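Step one of this worksheet: look at the structure below.
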Amino acid sequence: MAHSTNSSAHSRTKAHLSFTARIPYQNNVAAKRLLELMERKQSNLCVSVDVTKGRDMLEVVRRVGKSCCMIKTHIDIIEDFTMDLADELVKLSKELDFMIFEDRKFADIGNTVQLQYSSGVHKIASWSDITNAHPIPGDGIVTGLAAVGKPLDRGLLLLAEMSSKGNLATGEYTRTTVEMARRHRSEGFVFGFIAQGRVHETYAPSDPAAANAEDFLILSPGVGLDVKGDKMGQQYRTPHEVVFDSGCDVIIVGRGIYGKNTEQEVRDEAERYREGGWKAYQARIQG
Ligand code: S5P
């Protein structure tokens, strides 16, 4: 990975601005809401709730909702999904003040993703503030998703890098992903990346004025405080490594939080990660 492990490399970039100061650079409504929300709640923690029963999902959300800025779902792993679950999640998102990110990883032609996003059992666009897509099909995937999501003020992230061992999203692939996002930024739908570092700075525009005018948010999975990985190739870094060293904005944590046994442990872990992510962000903007 080509990312710097030294935050000084981010000097004079938006990595040193507060979340609030970055709001004017956003073209996407969901991105502006997220930046405001993070500052208000002092949280750049996204909790990934990868459980298979609706009631378990809601239970985790009730426990961690106050500590996070975002809940990430994989709605297709829920065995007993009905739209009532989505309604309840939206209700909790208002009560506990977080955004909803359905980690759908769309990866088909525009016409197909448009249907997958709007229709079917899950009707993702009707309840999820943010979703994501692999760039592999080309620009049509953004066009198709934007046709559904943009009128609803939703936002899209492109997967520019992955956290798992041996993944193919590196080098040239990452660079062309960044260029794809840049081509669509002004349309107000794509606002950032799933990545391990500030990919849009690694692959910066040649014109410094263009670099100065743009901003993307980086949401980063593969975050753990106690273990370095799992048996299936997942790789973890600490919140400090992710936010301070690599300049990512939001930490995405799954098993490290919802995988704890008791209600209190889940609450405590969410606070522990919130604090780790927020301290690293504060150190970064002060540095
Ligand atoms: O590169 C990636 C991209 C994503 S969105 N690596 C990931 O692990 N994810 C997702 O983040 C993954 O699908 C899972 O929902 C979460 C990480 O979960 P954890 O339990 O390993 O923290």
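Ordering of the structure tokens sets the chain letters (A, B, ...), residue numbers begin anew at 1 in every chain, and ligands are numbered from 1 in the order given.
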List every residue of segment 28-266 of chain A that DSSP, applied to the backbone, labels as strand (DSSP E or B), and write the result as a count of residues only.
42
Taking only C-alpha atoms and all ligand atoms into account, which residues have an atom no farther than 7 Å from ligand 1? I'd like them as number ranges by chain.
A: 48, 50, 74, 103, 161-164, 194-195, 221-224, 234, 252-256
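Using only C-alpha atoms for every distance, the candidate list A:Val199, A:His122, A:Gly110, A:Thr20 yields A:His122 as the residue closest to Asp84 of chain A.
Here the alpha helix (DSSP H) residues in segment 117-174 of chain A, by DSSP on the backbone, are Tyr117, Ser118, Gly140, Ile141, Val142, Thr143, Gly144, Leu145, Ala146, Ala147, Val148, Gly149, Gly171, Glu172, Tyr173 and Thr174 of chain A.
Taking atom CA of Val64 of chain A and atom CA of Val47 of chain A as endpoints, the distance between them is 7.7 Å.
If only C-alpha atoms are the atoms counted, then among A:Cys68, A:Ala107, A:Ala146, A:Met83 the closest residue to Phe189 of chain A is A:Ala146.
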Tell me which of A:Gly155, A:Gly138, A:Gly149, A:Gly65 sits closest to Ile257 of chain A, counting only C-alpha atoms.
A:Gly65
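Reported to one decimal place, the separation of atom CA of Val142 of chain A from atom CA of Leu157 of chain A is 9.7 Å.
Contact shell of segment 128-136 of chain A at 7 Å (only C-alpha atoms; same-chain neighbours under 3 positions omitted): Ala30, Met99, Ile100, Phe101, Glu102, Asp103, Arg104, Lys105, Phe106, Ala107, Ile124, Ala125, Arg154, Gly155, Leu156, Leu157, Leu158, Leu159 and Thr177 of chain A.
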Include C-alpha atoms and write out the residues we just selected as a CSV table (one decimal), in the first residue's frame.
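This is the output file selection02.csv:
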```
chain,number,residue,atom,x,y,z
A,30,ALA,CA,-25.4,13.1,3.0
A,99,MET,CA,-26.7,7.7,9.8
A,100,ILE,CA,-27.4,4.4,8.1
A,101,PHE,CA,-24.9,2.8,5.6
A,102,GLU,CA,-26.0,-0.3,3.7
A,103,ASP,CA,-22.7,-2.0,2.7
A,104,ARG,CA,-24.3,-3.5,-0.4
A,105,LYS,CA,-21.1,-3.3,-2.6
A,106,PHE,CA,-23.0,-3.1,-5.9
A,107,ALA,CA,-21.0,-4.5,-8.8
A,124,ILE,CA,-32.3,-0.1,0.1
A,125,ALA,CA,-32.5,3.5,-1.2
A,154,ARG,CA,-28.4,9.7,-0.6
A,155,GLY,CA,-24.6,9.4,-1.0
A,156,LEU,CA,-22.3,6.9,-2.6
A,157,LEU,CA,-18.8,5.6,-1.7
A,158,LEU,CA,-16.6,3.8,-4.2
A,159,LEU,CA,-14.4,0.9,-3.0
A,177,THR,CA,-11.3,4.3,-9.0
```
So, counting only C-alpha atoms, which residue among A:Trp127, A:Ala86, A:Gly144, A:Pro239 is closest to Val113 of chain A?
A:Gly144
Find the spatial neighbours of Gly233 of chain A, counting only C-alpha atoms, within a cut-off of 10 Å - ignore same-chain residues fewer than 2 positions away - and output them as a PyMOL selection string.
chain A and resi 163-167+229-231+235-236
I need the chosen residues saved as a compact mmCIF listing (two decimals), in the first residue's frame, with N, CA, C and O atoms.
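Written out: selection_8.txt:
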```txt
# COMPACT_ATOMS: atom_id res chain seq x y z
N SER A 163 -9.53 -4.20 2.87
CA SER A 163 -8.71 -4.50 4.04
C SER A 163 -8.17 -5.93 4.03
O SER A 163 -7.27 -6.25 4.81
N SER A 164 -8.71 -6.76 3.17
CA SER A 164 -8.38 -8.19 3.24
C SER A 164 -7.11 -8.54 2.47
O SER A 164 -6.80 -7.93 1.44
N LYS A 165 -6.43 -9.54 3.00
CA LYS A 165 -5.17 -10.03 2.43
C LYS A 165 -5.36 -10.47 0.97
O LYS A 165 -6.35 -11.14 0.66
N GLY A 166 -4.47 -10.08 0.09
CA GLY A 166 -4.50 -10.56 -1.29
C GLY A 166 -5.55 -9.92 -2.18
O GLY A 166 -5.76 -10.37 -3.31
N ASN A 167 -6.20 -8.85 -1.71
CA ASN A 167 -7.25 -8.24 -2.54
C ASN A 167 -6.63 -7.54 -3.76
O ASN A 167 -5.46 -7.17 -3.76
N GLY A 229 -6.13 -9.76 13.07
CA GLY A 229 -6.84 -10.27 11.90
C GLY A 229 -7.75 -11.42 12.26
O GLY A 229 -7.94 -11.71 13.44
N ASP A 230 -8.34 -12.07 11.23
CA ASP A 230 -9.13 -13.27 11.50
C ASP A 230 -8.58 -14.41 10.64
O ASP A 230 -7.55 -14.27 9.98
N LYS A 231 -9.30 -15.54 10.63
CA LYS A 231 -8.78 -16.72 9.92
C LYS A 231 -9.11 -16.67 8.43
O LYS A 231 -8.74 -17.57 7.68
N GLN A 235 -7.61 -8.04 7.96
CA GLN A 235 -6.44 -7.45 8.61
C GLN A 235 -6.87 -6.21 9.37
O GLN A 235 -7.57 -5.36 8.83
N TYR A 236 -6.44 -6.11 10.63
CA TYR A 236 -6.84 -4.99 11.48
C TYR A 236 -5.69 -4.04 11.78
O TYR A 236 -4.55 -4.45 11.99
```
Would you pick out the contacts of Arg198 of chain A at 7 Å or less, using only C-alpha atoms, so that residues sharing its chain but fewer than 6 positions from it are not included, and give the list as a VMD selection string?
chain A and resid 218 246 to 248
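Using only C-alpha atoms for every distance, the candidate list A:Glu187, A:Asp153, A:Glu95, A:Asp76 yields A:Asp76 as the residue closest to Lys123 of chain A.
Put simply, atom CA of Thr13 of chain A is 7.8 Å away from atom CA of Asn212 of chain A.
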Please, which residues in segment 210-240 of chain A fall within 12 Å of segment 260-278 of chain A when counting only C-alpha atoms, and what is the closest atom pair and distance in Å to one decimal for each, ordered by chain then residue number, as JSON lines?
```
{"residue": "A:Leu219", "atom": "CA", "partner": "A:Gly277", "partner_atom": "CA", "distance": 11.8}
{"residue": "A:Ser220", "atom": "CA", "partner": "A:Gly277", "partner_atom": "CA", "distance": 11.3}
{"residue": "A:Val223", "atom": "CA", "partner": "A:Tyr273", "partner_atom": "CA", "distance": 9.2}
{"residue": "A:Gly224", "atom": "CA", "partner": "A:Tyr273", "partner_atom": "CA", "distance": 8.6}
{"residue": "A:Leu225", "atom": "CA", "partner": "A:Tyr273", "partner_atom": "CA", "distance": 8.1}
{"residue": "A:Asp226", "atom": "CA", "partner": "A:Glu269", "partner_atom": "CA", "distance": 11.0}
{"residue": "A:Arg237", "atom": "CA", "partner": "A:Gly277", "partner_atom": "CA", "distance": 11.7}
{"residue": "A:Thr238", "atom": "CA", "partner": "A:Gly276", "partner_atom": "CA", "distance": 8.4}
{"residue": "A:Pro239", "atom": "CA", "partner": "A:Gly277", "partner_atom": "CA", "distance": 5.1}
{"residue": "A:His240", "atom": "CA", "partner": "A:Gly277", "partner_atom": "CA", "distance": 6.7}
```
Write the residues you've just listed into a file as an mmCIF file, in the first residue's frame, and include N, CA and C atoms for each of them.
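Written out: selection_5.cif:
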```cif
data_model
loop_
_atom_site.group_PDB
_atom_site.id
_atom_site.type_symbol
_atom_site.label_atom_id
_atom_site.label_comp_id
_atom_site.auth_asym_id
_atom_site.auth_seq_id
_atom_site.Cartn_x
_atom_site.Cartn_y
_atom_site.Cartn_z
ATOM 1 N N LEU A 219 -13.733 6.298 4.522
ATOM 2 C CA LEU A 219 -14.254 5.403 5.554
ATOM 3 C C LEU A 219 -13.456 4.117 5.488
ATOM 4 N N SER A 220 -12.950 3.695 6.637
ATOM 5 C CA SER A 220 -11.970 2.618 6.609
ATOM 6 C C SER A 220 -12.326 1.436 7.516
ATOM 7 N N VAL A 223 -10.520 -2.489 11.389
ATOM 8 C CA VAL A 223 -10.079 -1.757 12.584
ATOM 9 C C VAL A 223 -10.314 -2.641 13.812
ATOM 10 N N GLY A 224 -9.246 -2.844 14.591
ATOM 11 C CA GLY A 224 -9.357 -3.649 15.794
ATOM 12 C C GLY A 224 -8.285 -3.250 16.785
ATOM 13 N N LEU A 225 -8.655 -3.244 18.071
ATOM 14 C CA LEU A 225 -7.683 -2.864 19.099
ATOM 15 C C LEU A 225 -6.999 -4.074 19.715
ATOM 16 N N ASP A 226 -7.624 -5.226 19.641
ATOM 17 C CA ASP A 226 -7.100 -6.362 20.400
ATOM 18 C C ASP A 226 -6.513 -7.479 19.549
ATOM 19 N N ARG A 237 -6.042 -2.754 11.829
ATOM 20 C CA ARG A 237 -5.126 -1.734 12.346
ATOM 21 C C ARG A 237 -5.862 -1.004 13.471
ATOM 22 N N THR A 238 -5.119 -0.267 14.281
ATOM 23 C CA THR A 238 -5.755 0.441 15.402
ATOM 24 C C THR A 238 -6.387 1.748 14.890
ATOM 25 N N PRO A 239 -7.334 2.314 15.656
ATOM 26 C CA PRO A 239 -7.892 3.612 15.267
ATOM 27 C C PRO A 239 -6.802 4.661 15.046
ATOM 28 N N HIS A 240 -5.762 4.657 15.872
ATOM 29 C CA HIS A 240 -4.695 5.641 15.717
ATOM 30 C C HIS A 240 -3.979 5.457 14.370
#
```
Mind checking which residues fall within 12 Å of Asp249 of chain A, counting only C-alpha atoms, ignoring those fewer than 3 positions away in the same chain, and posting them as number ranges by chain?
A: 14-19, 22, 31, 34-35, 38-39, 43-46, 69, 192-198, 215-221, 239-246, 252, 277-282, 284-285
